[in-house]
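Trainee: Okay, handing you the structure first.
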Amino acid sequence: MTEVILGGLERAFAQGGNRLCFIDPRDPNRIIKVLRPDRSADIKRAKQSFPRNLKPLRYFDENWQEQRVYQKIQIAVGDAAYDLIPRCYGLVATDCGPGLVTEMIKDHDGRVSLSLKQCIWQQGKARSLMAVVEDFVQRWGELGMPSRNLLLHNIVVQQSVDGPKRLVVIDGLGWADIVPLAYRCPRLARWKARRKAQRLPQAMDQLLEKQRTGQDWGYHGWLDEEQRIVAAGSSAASQTDR
Ligand SMILES: Nc1ncnc2c1ncn2[C@@H]1O[C@H](COP(=O)(O)OP(=O)(O)OP(=O)(O)O)[C@@H](O)[C@H]1O
Ligand SMILES: [Mg+2]
């Protein structure tokens, strides 16, 4: 299989707790996520005790799990889901290990969209932002979108020329239940999704309270201006710890 050349881990434009994110050198409208070497599937499996450590390696691979979740979302929800999550283009081999290719969420000016966490930190609960949050909460519940708890650093705010346009969940998809009945039961899915989305305003208040009391930003979800500039094959600054 032909390998996509990402050119080294230091070329990632962003990273989370598990993955490094690269601009797809074949298409700057796409992002490729690879597992961080310190968060590889075999390291994760080695930390499990018996009998969980007997599971196949792919069960500990976040990219493999996520592409499976995308397949389930396509079946359970269909195309309407892509108003709320990026499109997924499957797995590819890269020189930095297997990568998951998804749509890059960008603003009207071509810059990578900021996380909801960063928008709230920088602008507070602006009315225009809260309007798109409300739309999101409504739609997420109506579609019964599968997710873990929705975290502010796993949601980005796409901006149009006129201001915030929509929220997009870029990570943390899929029901976490051992037997995820909600994939087959739309009513249950809607109930669970509504509950998760309705917790967002509270999470925003908690973040603002953290800021007000002089606490730290934390680790996740901050992009500096130079990290937001997308050009095919561009190298990127390392993500700032804040
Ligand atoms: N599709 C996307 N469009 C725009 N930016 C994205 C996209 N996917 C990821 N990012 C950026 O990359 C960062 C890290 O990505 P992601 O959350 O997928 O990594 P992770 O390691 O799985 O995260 P976690 O620590 O939550 O497990 C995000 O906070 C976001 O800034
Ligand atoms: Mg994340």
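The chains in the structure tokens are called A, B, ... from first to last as shown; in each chain the residues are counted from 1, and the ligands are counted from 1 in the order shown.
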Each residue of range 5-118 of chain A lying at most 9 Å from range 183-201 of chain A should get a row with its shortest atom-to-atom pair and the distance in Å to one decimal, counting only C-alpha atoms; could you produce that, ordered by chain and increasing number, as CSV?
Mentor:
residue,atom,partner,partner_atom,distance
A:Lys72,CA,A:Tyr183,CA,7.3
A:Ile73,CA,A:Tyr183,CA,8.1
A:Ile75,CA,A:Tyr183,CA,8.8
A:Ala76,CA,A:Tyr183,CA,6.2
A:Val77,CA,A:Pro186,CA,8.9
Trainee: With a distance cut-off of 12 Å and only C-alpha atoms, select the neighbouring residues of Pro56 in chain A, excluding the residue or stretch itself and same-chain residues fewer than 4 positions from it, and output the selection as a PyMOL selection string.
Mentor: chain A and resi 41-42+44-46+51-52+60-61+64-65
Trainee: Please give me, as a list in words, the residues lying within 8 Å of ligand 2 when counting only C-alpha atoms and all ligand atoms.
Mentor: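 Written in the requested form, the residues are Gly16, Gly17, Asn18, Arg19, His153, Asn154, Ile170, Asp171, Gly172, His220 and Gly221 of chain A.
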Trainee: Next, the residues of the selection above should be written as a CSV table (one decimal), in the first residue's frame with C-alpha atoms.
Mentor:
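In the end it all went to result_23.csv:
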chain,number,residue,atom,x,y,z
A,16,GLY,CA,-4.7,15.9,22.0
A,17,GLY,CA,-4.1,13.4,24.8
A,18,ASN,CA,-4.0,10.5,22.4
A,19,ARG,CA,-3.4,11.6,18.9
A,153,HIS,CA,-12.1,20.8,23.8
A,154,ASN,CA,-13.6,18.2,21.5
A,170,ILE,CA,-14.4,16.4,16.3
A,171,ASP,CA,-13.7,13.7,18.9
A,172,GLY,CA,-15.3,11.5,21.6
A,220,HIS,CA,-6.2,20.4,25.9
A,221,GLY,CA,-7.5,22.3,22.9
Trainee: Check every protein, DNA and RNA residue against ligand 1, keep those with an atom at most 9 Å away (counting only C-alpha atoms and all ligand atoms), and present them as a ChimeraX atom specification.
Mentor: /A:13-22,30-36,62-63,85-87,101-106,112-115,151-156,158,168-172,219-223,228
Trainee: Quick one: of A:Ser160, A:Ser40, A:Gln74, A:Thr2, who's nearest to Thr94 in chain A, counting only C-alpha atoms?
Mentor: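 For Thr94 in chain A, the nearest of the given residues is A:Thr2.
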Trainee: Skipping near chain neighbours, those fewer than 3 positions away, what residues fall within 12 Å of Lys165 in chain A using only C-alpha atoms, listed as a JSON list (two decimals) with N, CA, C and O atoms, in the first residue's frame?
Mentor:
[["chain", "number", "residue", "atom", "x", "y", "z"],
["A", 83, "ASP", "N", -23.81, 17.51, 9.63],
["A", 83, "ASP", "CA", -23.96, 18.91, 10.05],
["A", 83, "ASP", "C", -23.28, 19.10, 11.40],
["A", 83, "ASP", "O", -22.96, 20.22, 11.79],
["A", 84, "LEU", "N", -23.07, 18.00, 12.12],
["A", 84, "LEU", "CA", -22.62, 18.08, 13.52],
["A", 84, "LEU", "C", -21.26, 17.44, 13.76],
["A", 84, "LEU", "O", -20.66, 17.64, 14.82],
["A", 105, "ILE", "N", -12.21, 21.02, 9.84],
["A", 105, "ILE", "CA", -13.20, 22.07, 10.03],
["A", 105, "ILE", "C", -12.49, 23.42, 10.04],
["A", 105, "ILE", "O", -11.60, 23.67, 10.86],
["A", 106, "LYS", "N", -12.88, 24.26, 9.07],
["A", 106, "LYS", "CA", -12.20, 25.54, 8.89],
["A", 106, "LYS", "C", -13.20, 26.69, 8.90],
["A", 106, "LYS", "O", -14.37, 26.50, 8.57],
["A", 107, "ASP", "N", -12.72, 27.88, 9.23],
["A", 107, "ASP", "CA", -13.57, 29.08, 9.22],
["A", 107, "ASP", "C", -13.66, 29.63, 7.79],
["A", 107, "ASP", "O", -12.93, 29.18, 6.90],
["A", 108, "HIS", "N", -14.48, 30.66, 7.63],
["A", 108, "HIS", "CA", -14.70, 31.25, 6.30],
["A", 108, "HIS", "C", -13.40, 31.75, 5.67],
["A", 108, "HIS", "O", -13.25, 31.78, 4.47],
["A", 113, "SER", "N", -10.69, 26.00, 12.56],
["A", 113, "SER", "CA", -11.63, 26.51, 13.57],
["A", 113, "SER", "C", -11.09, 26.26, 14.98],
["A", 113, "SER", "O", -10.38, 25.28, 15.22],
["A", 128, "SER", "N", -24.00, 35.61, 20.21],
["A", 128, "SER", "CA", -23.98, 34.92, 18.91],
["A", 128, "SER", "C", -23.49, 33.47, 19.08],
["A", 128, "SER", "O", -23.95, 32.56, 18.39],
["A", 129, "LEU", "N", -22.57, 33.28, 20.03],
["A", 129, "LEU", "CA", -22.07, 31.93, 20.27],
["A", 129, "LEU", "C", -23.15, 31.08, 20.95],
["A", 129, "LEU", "O", -23.38, 29.93, 20.57],
["A", 130, "MET", "N", -23.84, 31.68, 21.90],
["A", 130, "MET", "CA", -24.86, 30.92, 22.62],
["A", 130, "MET", "C", -26.01, 30.50, 21.70],
["A", 130, "MET", "O", -26.63, 29.46, 21.91],
["A", 131, "ALA", "N", -26.25, 31.31, 20.66],
["A", 131, "ALA", "CA", -27.31, 30.94, 19.70],
["A", 131, "ALA", "C", -26.94, 29.65, 18.97],
["A", 131, "ALA", "O", -27.78, 28.75, 18.81],
["A", 132, "VAL", "N", -25.68, 29.51, 18.57],
["A", 132, "VAL", "CA", -25.30, 28.27, 17.87],
["A", 132, "VAL", "C", -25.21, 27.09, 18.84],
["A", 132, "VAL", "O", -25.45, 25.95, 18.47],
["A", 133, "VAL", "N", -24.88, 27.40, 20.10],
["A", 133, "VAL", "CA", -24.87, 26.33, 21.11],
["A", 133, "VAL", "C", -26.29, 25.78, 21.27],
["A", 133, "VAL", "O", -26.50, 24.57, 21.29],
["A", 134, "GLU", "N", -27.24, 26.68, 21.35],
["A", 134, "GLU", "CA", -28.64, 26.24, 21.49],
["A", 134, "GLU", "C", -29.08, 25.38, 20.31],
["A", 134, "GLU", "O", -29.70, 24.34, 20.49],
["A", 135, "ASP", "N", -28.77, 25.83, 19.11],
["A", 135, "ASP", "CA", -29.12, 25.04, 17.91],
["A", 135, "ASP", "C", -28.49, 23.66, 17.99],
["A", 135, "ASP", "O", -29.11, 22.64, 17.65],
["A", 136, "PHE", "N", -27.22, 23.65, 18.41],
["A", 136, "PHE", "CA", -26.49, 22.38, 18.50],
["A", 136, "PHE", "C", -27.17, 21.43, 19.49],
["A", 136, "PHE", "O", -27.40, 20.25, 19.18],
["A", 156, "VAL", "N", -15.50, 22.06, 18.01],
["A", 156, "VAL", "CA", -14.97, 23.30, 17.44],
["A", 156, "VAL", "C", -16.12, 24.19, 16.98],
["A", 156, "VAL", "O", -17.23, 23.71, 16.73],
["A", 157, "VAL", "N", -15.82, 25.49, 16.92],
["A", 157, "VAL", "CA", -16.82, 26.48, 16.51],
["A", 157, "VAL", "C", -16.43, 26.96, 15.12],
["A", 157, "VAL", "O", -15.40, 27.61, 14.97],
["A", 158, "GLN", "N", -17.24, 26.63, 14.14],
["A", 158, "GLN", "CA", -16.94, 27.10, 12.78],
["A", 158, "GLN", "C", -17.52, 28.50, 12.60],
["A", 158, "GLN", "O", -18.71, 28.73, 12.88],
["A", 159, "GLN", "N", -16.68, 29.43, 12.14],
["A", 159, "GLN", "CA", -17.10, 30.83, 11.99],
["A", 159, "GLN", "C", -17.42, 31.13, 10.53],
["A", 159, "GLN", "O", -16.67, 30.76, 9.64],
["A", 160, "SER", "N", -18.54, 31.83, 10.31],
["A", 160, "SER", "CA", -18.82, 32.37, 8.98],
["A", 160, "SER", "C", -18.42, 33.86, 9.01],
["A", 160, "SER", "O", -17.97, 34.34, 10.05],
["A", 161, "VAL", "N", -18.59, 34.56, 7.91],
["A", 161, "VAL", "CA", -18.25, 35.98, 7.89],
["A", 161, "VAL", "C", -19.05, 36.72, 8.96],
["A", 161, "VAL", "O", -18.58, 37.70, 9.54],
["A", 162, "ASP", "N", -20.25, 36.25, 9.23],
["A", 162, "ASP", "CA", -21.13, 36.95, 10.17],
["A", 162, "ASP", "C", -20.98, 36.51, 11.62],
["A", 162, "ASP", "O", -21.75, 36.95, 12.47],
["A", 168, "VAL", "N", -19.12, 21.76, 15.78],
["A", 168, "VAL", "CA", -18.82, 20.45, 15.19],
["A", 168, "VAL", "C", -18.04, 19.63, 16.23],
["A", 168, "VAL", "O", -17.03, 20.10, 16.77]]
Trainee: Determine which residues of range 6-52 of chain A DSSP labels as strand (DSSP E) from the backbone of this structure, then write them out as a list in words.
Mentor: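 Here is the list: Ala14, Gln15, Arg19, Leu20, Cys21, Phe22, Ile23, Arg30, Ile31, Ile32, Lys33, Val34 and Leu35 of chain A.
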Trainee: Quick one: distance from CA of Glu3 in chain A to CA of Asp95 in chain A in Å, one decimal?
Mentor: 6.4 Å
Trainee: CA of Ser147 in chain A and CA of Pro98 in chain A are how many Å apart?
Mentor: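 So the answer is 23.1 Å.
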